[in-house]
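Visitor: Next up is a structure, given as structure tokens.
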Amino acid sequence: MAKMRIWDVPTRTFHGLLGAAVAGAWLTAGDARWLHLHVLAGTLAAALTLFRVLWGFIGGPHARFRAFLRGPRDVRAHIHDLLAGTAHRPAGHDPLAGWAMVAAMALVLLLAVTGVWVLGGEEGQGPLGGVLSVGQGIALHGPHGALSLALLCWLGLHLAGVVLASLRHGEALPLAMVTGRKRAVPGAPSSPAHRGVALLLVGAIAGGALWSARGVLAGERPYAGRALPDDPEWRSACGECHLAYPPHLLPARSWTALMDGQADHFGEDLGLEAEPAARVERFLTSHAAEREVNEAAWYVAHTTPPAETPLRVTALPWWRERHPVPDDDAGRCGDCHADAEAGTFVDGAMTRKERSSR
Amino acid sequence: MNLAPLAVAALLAAPGLIDAYRAAGAGAPDAARGRAFWTQSFAAPDGGVARACTSCHGPDPLGPGRHVKTGEVLAAMAPAVEPTRFTDPAEVEKWFKRNCKWTVGRECTPQEKADVVLFLTEVKR
């Protein structure tokens with residue numbers, strides 16, 4: 001039977017790369033160690049989708065939106081025909097599949113926008129880094145995850161639709177998305193290959209990926225946290241016996257209580273003179289969790305009951321939720337947080353998988 | 001980095017410290033007594049493991065120590081390894097005050113300080 005090219009090379013290239021990018025983003029989600037790969041995968045998915053939108057206006061005859069986007073009446077009629085078993089076999093997308101494609105593009109772009117938002121707010125990175133507050137970033141973390149579940153559901157519908165349509169058409173549609181060829185439909189135009197455009201697309205995607213990964217490829221730590229306020233007196237007073245816990249890891253009231261009780265600091269008399277002790281306390285309280293300098297500070301400030309004055313980071317409800325480990329693991333932050341000395345505790349500096357749910 | 005000037009400073013500073021302890025009432029310092037003090041155990045007021053200088057600094061002044069509670073690595077105490085040791089009298093007094101209270105249960109006497117400082121500055125690789 002005569003076959004004709006329906007899907008041009010750029011459309012098929014887009015489809016394959018988007019599938020890979022979405023799979024990559026899905027697999028790297030939720031593990032802080034892979035945050036940079038997650039962002040890379042999401043960026044590629046968004047770039048591919050933007051190309052697909054453009055290709056919907058200037059691409060081959062079956063790739064254009066106007067070839068497959070139909071009004072509600074046509075969609076209803078198509079559903080009716082499907083149920084009656086009288087639907088004709090379309091060359092490209094049928095009216096239902098056409099809108100499904102738009103839904104997928106919208107989901108990917110919304111995921112990218114919310115992802116950039118969360119990255120900017122929670123990590124202070126990306127185009128919105130420093131623009132958004134931590135709280136604003138955290139606010140869209142849930143919706144970002146919900147959108148990813150929506151995309152997963154969409155994928156289930158997509159696969160079911162492809163199987164059903166393949167059975168109905170008597171033709172392996174996944175194969176057509178690889179070879180581009182389907183059984184000829186009378187009166188439908190054949191699509192040019194547009195190999196040059198596909199080559200440009202692949203080149204741009206590969207170049208963009210390499211460029212955005214240049215730091216990591218050069219051995220840099222991805223997404224190092226922004227430098228925190230430092231003070232030599234504080235560093236010496238606290239950091240000579242233990243990790244100099246950065247001020248943002250406890251509420252101001254905790255630092256006040258700790259400095260008031262410096263004569264019995266977990267069984268030791270710090271013996272700090274009044275003047276230096278007051279200066280250290282001022283440094284600690286003026287950069288405490290309430291300033292919300294980063295994600296950790298936000299959680300400390302918002303999840304510590306106001307009636308409680310925890311004297312240890314490991315006594316924070318938030319810390320305990322995120323670290324299901326015995327107390328004697330405390331003081332070993334550097335085992336998993338490569339940036340413990342810097343005090344930034346960003347997701348990108350995790351060297352082990354988080355042991356808690358989020 | 002050229003550490004020679006720092007080493008010279010250590011050699012100069014420790015005698016200065018010891019002179020100050022003698023002025024405060026200490027007799028002639030004795031490195032052997034300092035070594036004995038360095039390793040002497042004192043009962044812990046909380047009934048826990050007995051405490052000594054070596055609890056955190058380790059038995060060998062030439063090697064690093066490990067804070068018994070926090071696990072923080074502490075640089076060696078011997079100026080032969082850490083030339084800045086005993087060069088800043090205020091720093092030395094701060095740590096004697098804090099650490100003697102925890103270890104011995106009281107502040108150290110000028111004699112004890114002079115002995116330990118002499119012992120530590122004389123340890124050679």
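Identifiers for the structure tokens are assigned positionally: chains receive A, B, ... in sequence, residues are indexed from 1 per chain, and ligands are indexed from 1 in the order shown.
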Please tabulate, as CSV, the residues of chain A that come within 7 Å of chain B, each with its closest pair of atoms and the distance in Å to one decimal, counting only C-alpha atoms and ordering rows by chain, then residue number upward.
Guide:
```
residue,atom,partner,partner_atom,distance
A:Cys241,CA,B:Glu72,CA,6.1
A:His242,CA,B:Glu72,CA,5.3
A:Glu268,CA,B:Trp102,CA,6.0
A:Asp269,CA,B:Arg98,CA,6.2
A:Leu270,CA,B:Arg98,CA,5.9
A:Gly271,CA,B:Arg98,CA,5.8
A:Gly331,CA,B:Thr70,CA,6.1
```
Visitor: For the structure I just gave you, how does DSSP split range 47-197 of chain A - specifically, which residues are alpha helix (DSSP H)? Reply as a PyMOL selection string.
Guide: chain A and resi 47-58+65-68+72-84+95-122+134-139+141-169+173-179+195-197
Visitor: Using only C-alpha atoms, find the one residue out of A:Pro127, A:Pro251, A:Gly145, A:Pro276 that sits nearest to Glu233 in chain A.
Guide: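 Nearest to Glu233 in chain A: A:Pro276.
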Visitor: To one decimal place in Å, what is the distance between CA of Phe65 in chain A and CA of Arg52 in chain A?
Guide: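 Interatomic distance here is 10.0 Å.
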Visitor: Against range 180-204 of chain A, which residues of range 109-175 of chain A fall within 9 Å? For each one I want the closest pair of atoms and the distance in Å (one decimal), counting only C-alpha atoms, rows by chain and increasing residue number, as CSV.
Guide:
```
residue,atom,partner,partner_atom,distance
A:Glu171,CA,A:Lys182,CA,7.7
A:Ala172,CA,A:Lys182,CA,8.7
A:Leu173,CA,A:Lys182,CA,7.8
A:Leu175,CA,A:Gly180,CA,7.7
```
Visitor: Those residues you just picked out, can you put them in a file as a short mmCIF file (atom, residue, chain, number, x, y, z; two decimals), in the first residue's frame with N, CA, C and O atoms?
Guide:
```
data_model
loop_
_atom_site.label_atom_id
_atom_site.label_comp_id
_atom_site.auth_asym_id
_atom_site.auth_seq_id
_atom_site.Cartn_x
_atom_site.Cartn_y
_atom_site.Cartn_z
N GLU A 171 -2.74 0.46 11.88
CA GLU A 171 -1.42 0.97 11.52
C GLU A 171 -0.69 1.33 12.82
O GLU A 171 -1.29 1.91 13.73
N ALA A 172 0.61 0.97 12.90
CA ALA A 172 1.36 1.27 14.11
C ALA A 172 1.75 2.75 14.13
O ALA A 172 2.70 3.15 13.45
N LEU A 173 0.97 3.54 14.87
CA LEU A 173 1.24 4.98 14.88
C LEU A 173 2.57 5.35 15.53
O LEU A 173 3.21 6.31 15.10
N LEU A 175 5.31 3.86 15.18
CA LEU A 175 6.29 3.68 14.11
C LEU A 175 6.25 4.90 13.18
O LEU A 175 7.30 5.39 12.73
#
```
Visitor: Could you tell me which of B:Cys108, B:Leu120, B:Ala32, B:Ala26 comes closest to Arg85 in chain B if we count only C-alpha atoms?
Guide: B:Leu120
Visitor: Suppose you want the space between CA of Arg33 in chain B and CA of Ala52 in chain B; what is it in Å?
Guide: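 Atom-to-atom, CA of Arg33 in chain B and CA of Ala52 in chain B are spaced 14.5 Å apart.
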Visitor: One decimal, in Å: what's the spacing between CA of Cys336 in chain A and CA of Met350 in chain A?
Guide: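 About the pair CA of Cys336 in chain A and CA of Met350 in chain A: they are 5.7 Å apart.
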Visitor: Need to verify the contact set: range 223-229 of chain A, 12 Å, only C-alpha atoms, exclusion of same-chain residues closer than 6 positions in sequence. Can you return it as a PyMOL selection string?
Guide: chain A and resi 32-37+39+119-120+122-126+129-130+213+215-216+235+245-249+283-284+286-288+291-297+337-350
Visitor: Deliver the residues from the most recent selection as a file, using N, CA and C atoms, as a compact mmCIF listing (two decimals), in the first residue's frame.
Guide:
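This went into part.txt:
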```
# COMPACT_ATOMS: atom_id res chain seq x y z
N ALA A 32 17.86 16.28 45.56
CA ALA A 32 18.61 17.55 45.46
C ALA A 32 19.92 17.40 44.69
N ARG A 33 20.51 16.19 44.75
CA ARG A 33 21.80 16.01 44.06
C ARG A 33 21.67 16.24 42.56
N TRP A 34 20.49 16.00 42.02
CA TRP A 34 20.32 16.09 40.58
C TRP A 34 19.60 17.37 40.16
N LEU A 35 19.55 18.34 41.06
CA LEU A 35 18.79 19.55 40.75
C LEU A 35 19.25 20.19 39.45
N HIS A 36 20.59 20.26 39.24
CA HIS A 36 21.07 20.93 38.03
C HIS A 36 20.65 20.17 36.78
N LEU A 37 20.61 18.81 36.87
CA LEU A 37 20.16 18.02 35.72
C LEU A 37 18.66 18.20 35.51
N VAL A 39 16.93 20.87 36.21
CA VAL A 39 16.71 22.18 35.59
C VAL A 39 17.12 22.13 34.11
N LEU A 119 12.80 27.71 41.56
CA LEU A 119 14.27 27.79 41.59
C LEU A 119 14.73 29.19 42.04
N GLY A 120 14.04 30.20 41.55
CA GLY A 120 14.40 31.57 41.92
C GLY A 120 14.11 31.86 43.38
N GLU A 122 13.27 29.52 46.05
CA GLU A 122 13.84 28.63 47.08
C GLU A 122 15.36 28.64 47.05
N GLU A 123 15.95 28.63 45.85
CA GLU A 123 17.39 28.49 45.76
C GLU A 123 18.10 29.81 45.45
N GLY A 124 17.33 30.85 45.10
CA GLY A 124 17.95 32.12 44.73
C GLY A 124 18.74 31.99 43.43
N GLN A 125 18.33 31.10 42.54
CA GLN A 125 19.07 30.84 41.31
C GLN A 125 18.17 31.09 40.10
N GLY A 126 18.81 31.12 38.93
CA GLY A 126 18.05 31.27 37.70
C GLY A 126 17.63 32.72 37.49
N GLY A 129 16.22 34.47 40.45
CA GLY A 129 17.02 34.45 41.67
C GLY A 129 17.25 35.86 42.18
N GLY A 130 16.97 36.10 43.45
CA GLY A 130 17.17 37.43 44.01
C GLY A 130 15.98 38.36 43.77
N ALA A 213 25.67 23.70 30.77
CA ALA A 213 26.34 22.75 31.65
C ALA A 213 27.82 23.05 31.77
N GLY A 215 29.63 25.06 33.49
CA GLY A 215 30.19 25.16 34.83
C GLY A 215 30.39 23.80 35.46
N VAL A 216 29.35 22.95 35.35
CA VAL A 216 29.42 21.62 35.93
C VAL A 216 30.49 20.80 35.23
N ARG A 235 32.88 33.63 64.13
CA ARG A 235 33.49 32.42 63.60
C ARG A 235 34.48 31.84 64.62
N TYR A 245 27.69 27.19 63.36
CA TYR A 245 26.32 27.14 62.84
C TYR A 245 25.90 28.53 62.41
N PRO A 246 25.50 28.70 61.16
CA PRO A 246 25.17 30.04 60.68
C PRO A 246 23.93 30.59 61.38
N PRO A 247 23.88 31.90 61.59
CA PRO A 247 22.80 32.50 62.38
C PRO A 247 21.41 32.18 61.84
N HIS A 248 21.28 31.96 60.53
CA HIS A 248 19.92 31.78 59.99
C HIS A 248 19.32 30.43 60.33
N LEU A 249 20.07 29.55 61.00
CA LEU A 249 19.52 28.23 61.32
C LEU A 249 18.74 28.19 62.63
N PHE A 283 25.43 39.93 66.22
CA PHE A 283 25.59 39.35 64.88
C PHE A 283 24.60 38.21 64.67
N LEU A 284 24.48 37.34 65.68
CA LEU A 284 23.61 36.17 65.56
C LEU A 284 22.14 36.58 65.42
N SER A 286 20.85 39.47 64.57
CA SER A 286 20.48 40.34 63.44
C SER A 286 20.48 39.57 62.12
N HIS A 287 21.02 38.33 62.10
CA HIS A 287 20.96 37.53 60.88
C HIS A 287 20.23 36.21 61.12
N ALA A 288 19.36 36.20 62.13
CA ALA A 288 18.68 34.96 62.52
C ALA A 288 17.67 34.53 61.45
N ARG A 291 15.11 36.55 59.19
CA ARG A 291 15.47 37.35 58.01
C ARG A 291 15.20 36.59 56.72
N GLU A 292 15.01 35.28 56.82
CA GLU A 292 14.66 34.44 55.66
C GLU A 292 15.63 34.62 54.51
N VAL A 293 16.93 34.54 54.82
CA VAL A 293 17.92 34.75 53.77
C VAL A 293 17.92 33.62 52.75
N ASN A 294 17.45 32.44 53.14
CA ASN A 294 17.39 31.33 52.20
C ASN A 294 16.31 30.34 52.64
N GLU A 295 16.22 29.24 51.89
CA GLU A 295 15.14 28.28 52.13
C GLU A 295 15.19 27.72 53.54
N ALA A 296 16.39 27.36 54.02
CA ALA A 296 16.50 26.79 55.36
C ALA A 296 15.97 27.78 56.39
N ALA A 297 16.38 29.05 56.26
CA ALA A 297 15.93 30.08 57.20
C ALA A 297 14.41 30.21 57.18
N HIS A 337 26.02 17.44 53.44
CA HIS A 337 25.97 18.79 52.89
C HIS A 337 27.39 19.25 52.58
N ALA A 338 27.73 19.26 51.30
CA ALA A 338 29.10 19.65 50.93
C ALA A 338 29.38 21.11 51.30
N ASP A 339 28.32 21.90 51.51
CA ASP A 339 28.52 23.32 51.79
C ASP A 339 28.29 23.64 53.27
N ALA A 340 28.46 22.63 54.14
CA ALA A 340 28.20 22.86 55.57
C ALA A 340 29.10 23.95 56.13
N GLU A 341 30.38 23.95 55.74
CA GLU A 341 31.30 24.97 56.27
C GLU A 341 30.84 26.36 55.84
N ALA A 342 30.37 26.47 54.61
CA ALA A 342 29.89 27.77 54.12
C ALA A 342 28.55 28.13 54.76
N GLY A 343 27.84 27.13 55.28
CA GLY A 343 26.58 27.38 55.97
C GLY A 343 25.39 27.60 55.06
N THR A 344 25.57 27.40 53.76
CA THR A 344 24.48 27.73 52.83
C THR A 344 23.42 26.63 52.77
N PHE A 345 23.82 25.37 52.92
CA PHE A 345 22.89 24.24 52.94
C PHE A 345 21.89 24.29 51.78
N VAL A 346 22.39 24.49 50.57
CA VAL A 346 21.49 24.53 49.42
C VAL A 346 21.30 23.11 48.88
N ASP A 347 20.19 22.94 48.16
CA ASP A 347 19.88 21.62 47.60
C ASP A 347 21.01 21.13 46.70
N GLY A 348 21.58 22.06 45.92
CA GLY A 348 22.59 21.67 44.94
C GLY A 348 23.87 21.13 45.56
N ALA A 349 24.04 21.29 46.87
CA ALA A 349 25.28 20.85 47.50
C ALA A 349 25.10 19.53 48.24
N MET A 350 23.96 18.86 48.04
CA MET A 350 23.75 17.56 48.69
C MET A 350 24.64 16.52 48.02
```
Visitor: Please list as a PyMOL selection string every residue within 9 Å of range 21-23 of chain B, counting only C-alpha atoms and excluding residues in the same chain fewer than 6 positions away.
Guide: chain B and resi 29+109-111+113-114
Visitor: Skipping near chain neighbours, those fewer than 3 positions away, what residues fall within 9 Å of Pro61 in chain B using only C-alpha atoms, listed as number ranges by chain?
Guide: B: 54, 57-58, 64-65, 76-78, 81, 120, 123
Visitor: With N, CA and C atoms retained, could you export that selection as a PDB file, in the first residue's frame?
Guide:
```pdb
ATOM      1  N   THR B  54      43.939  15.546  77.072  1.00  0.00           N
ATOM      2  CA  THR B  54      44.008  14.685  75.897  1.00  0.00           C
ATOM      3  C   THR B  54      42.638  14.229  75.418  1.00  0.00           C
ATOM      4  N   HIS B  57      42.463  17.035  72.791  1.00  0.00           N
ATOM      5  CA  HIS B  57      43.679  17.346  72.024  1.00  0.00           C
ATOM      6  C   HIS B  57      44.420  16.100  71.583  1.00  0.00           C
ATOM      7  N   GLY B  58      44.050  14.938  72.109  1.00  0.00           N
ATOM      8  CA  GLY B  58      44.748  13.710  71.762  1.00  0.00           C
ATOM      9  C   GLY B  58      46.043  13.582  72.558  1.00  0.00           C
ATOM     10  N   PRO B  64      46.907  16.104  65.442  1.00  0.00           N
ATOM     11  CA  PRO B  64      45.649  16.830  65.670  1.00  0.00           C
ATOM     12  C   PRO B  64      44.804  16.130  66.729  1.00  0.00           C
ATOM     13  N   GLY B  65      43.907  16.865  67.342  1.00  0.00           N
ATOM     14  CA  GLY B  65      42.972  16.298  68.298  1.00  0.00           C
ATOM     15  C   GLY B  65      41.580  16.289  67.709  1.00  0.00           C
ATOM     16  N   ALA B  76      47.083  20.571  65.952  1.00  0.00           N
ATOM     17  CA  ALA B  76      48.047  20.139  66.970  1.00  0.00           C
ATOM     18  C   ALA B  76      48.404  21.306  67.890  1.00  0.00           C
ATOM     19  N   MET B  77      48.762  20.988  69.139  1.00  0.00           N
ATOM     20  CA  MET B  77      49.079  22.026  70.121  1.00  0.00           C
ATOM     21  C   MET B  77      50.557  22.410  70.107  1.00  0.00           C
ATOM     22  N   ALA B  78      51.427  21.548  69.571  1.00  0.00           N
ATOM     23  CA  ALA B  78      52.865  21.832  69.617  1.00  0.00           C
ATOM     24  C   ALA B  78      53.255  22.893  68.588  1.00  0.00           C
ATOM     25  N   VAL B  81      54.621  22.008  65.200  1.00  0.00           N
ATOM     26  CA  VAL B  81      53.732  21.681  64.084  1.00  0.00           C
ATOM     27  C   VAL B  81      52.877  22.898  63.721  1.00  0.00           C
ATOM     28  N   LEU B 120      54.716  21.666  75.982  1.00  0.00           N
ATOM     29  CA  LEU B 120      54.229  21.671  74.598  1.00  0.00           C
ATOM     30  C   LEU B 120      55.208  22.357  73.646  1.00  0.00           C
ATOM     31  N   VAL B 123      58.215  20.006  72.767  1.00  0.00           N
ATOM     32  CA  VAL B 123      58.009  18.777  71.991  1.00  0.00           C
ATOM     33  C   VAL B 123      58.520  19.004  70.580  1.00  0.00           C
TER      34      VAL B 123
END
```
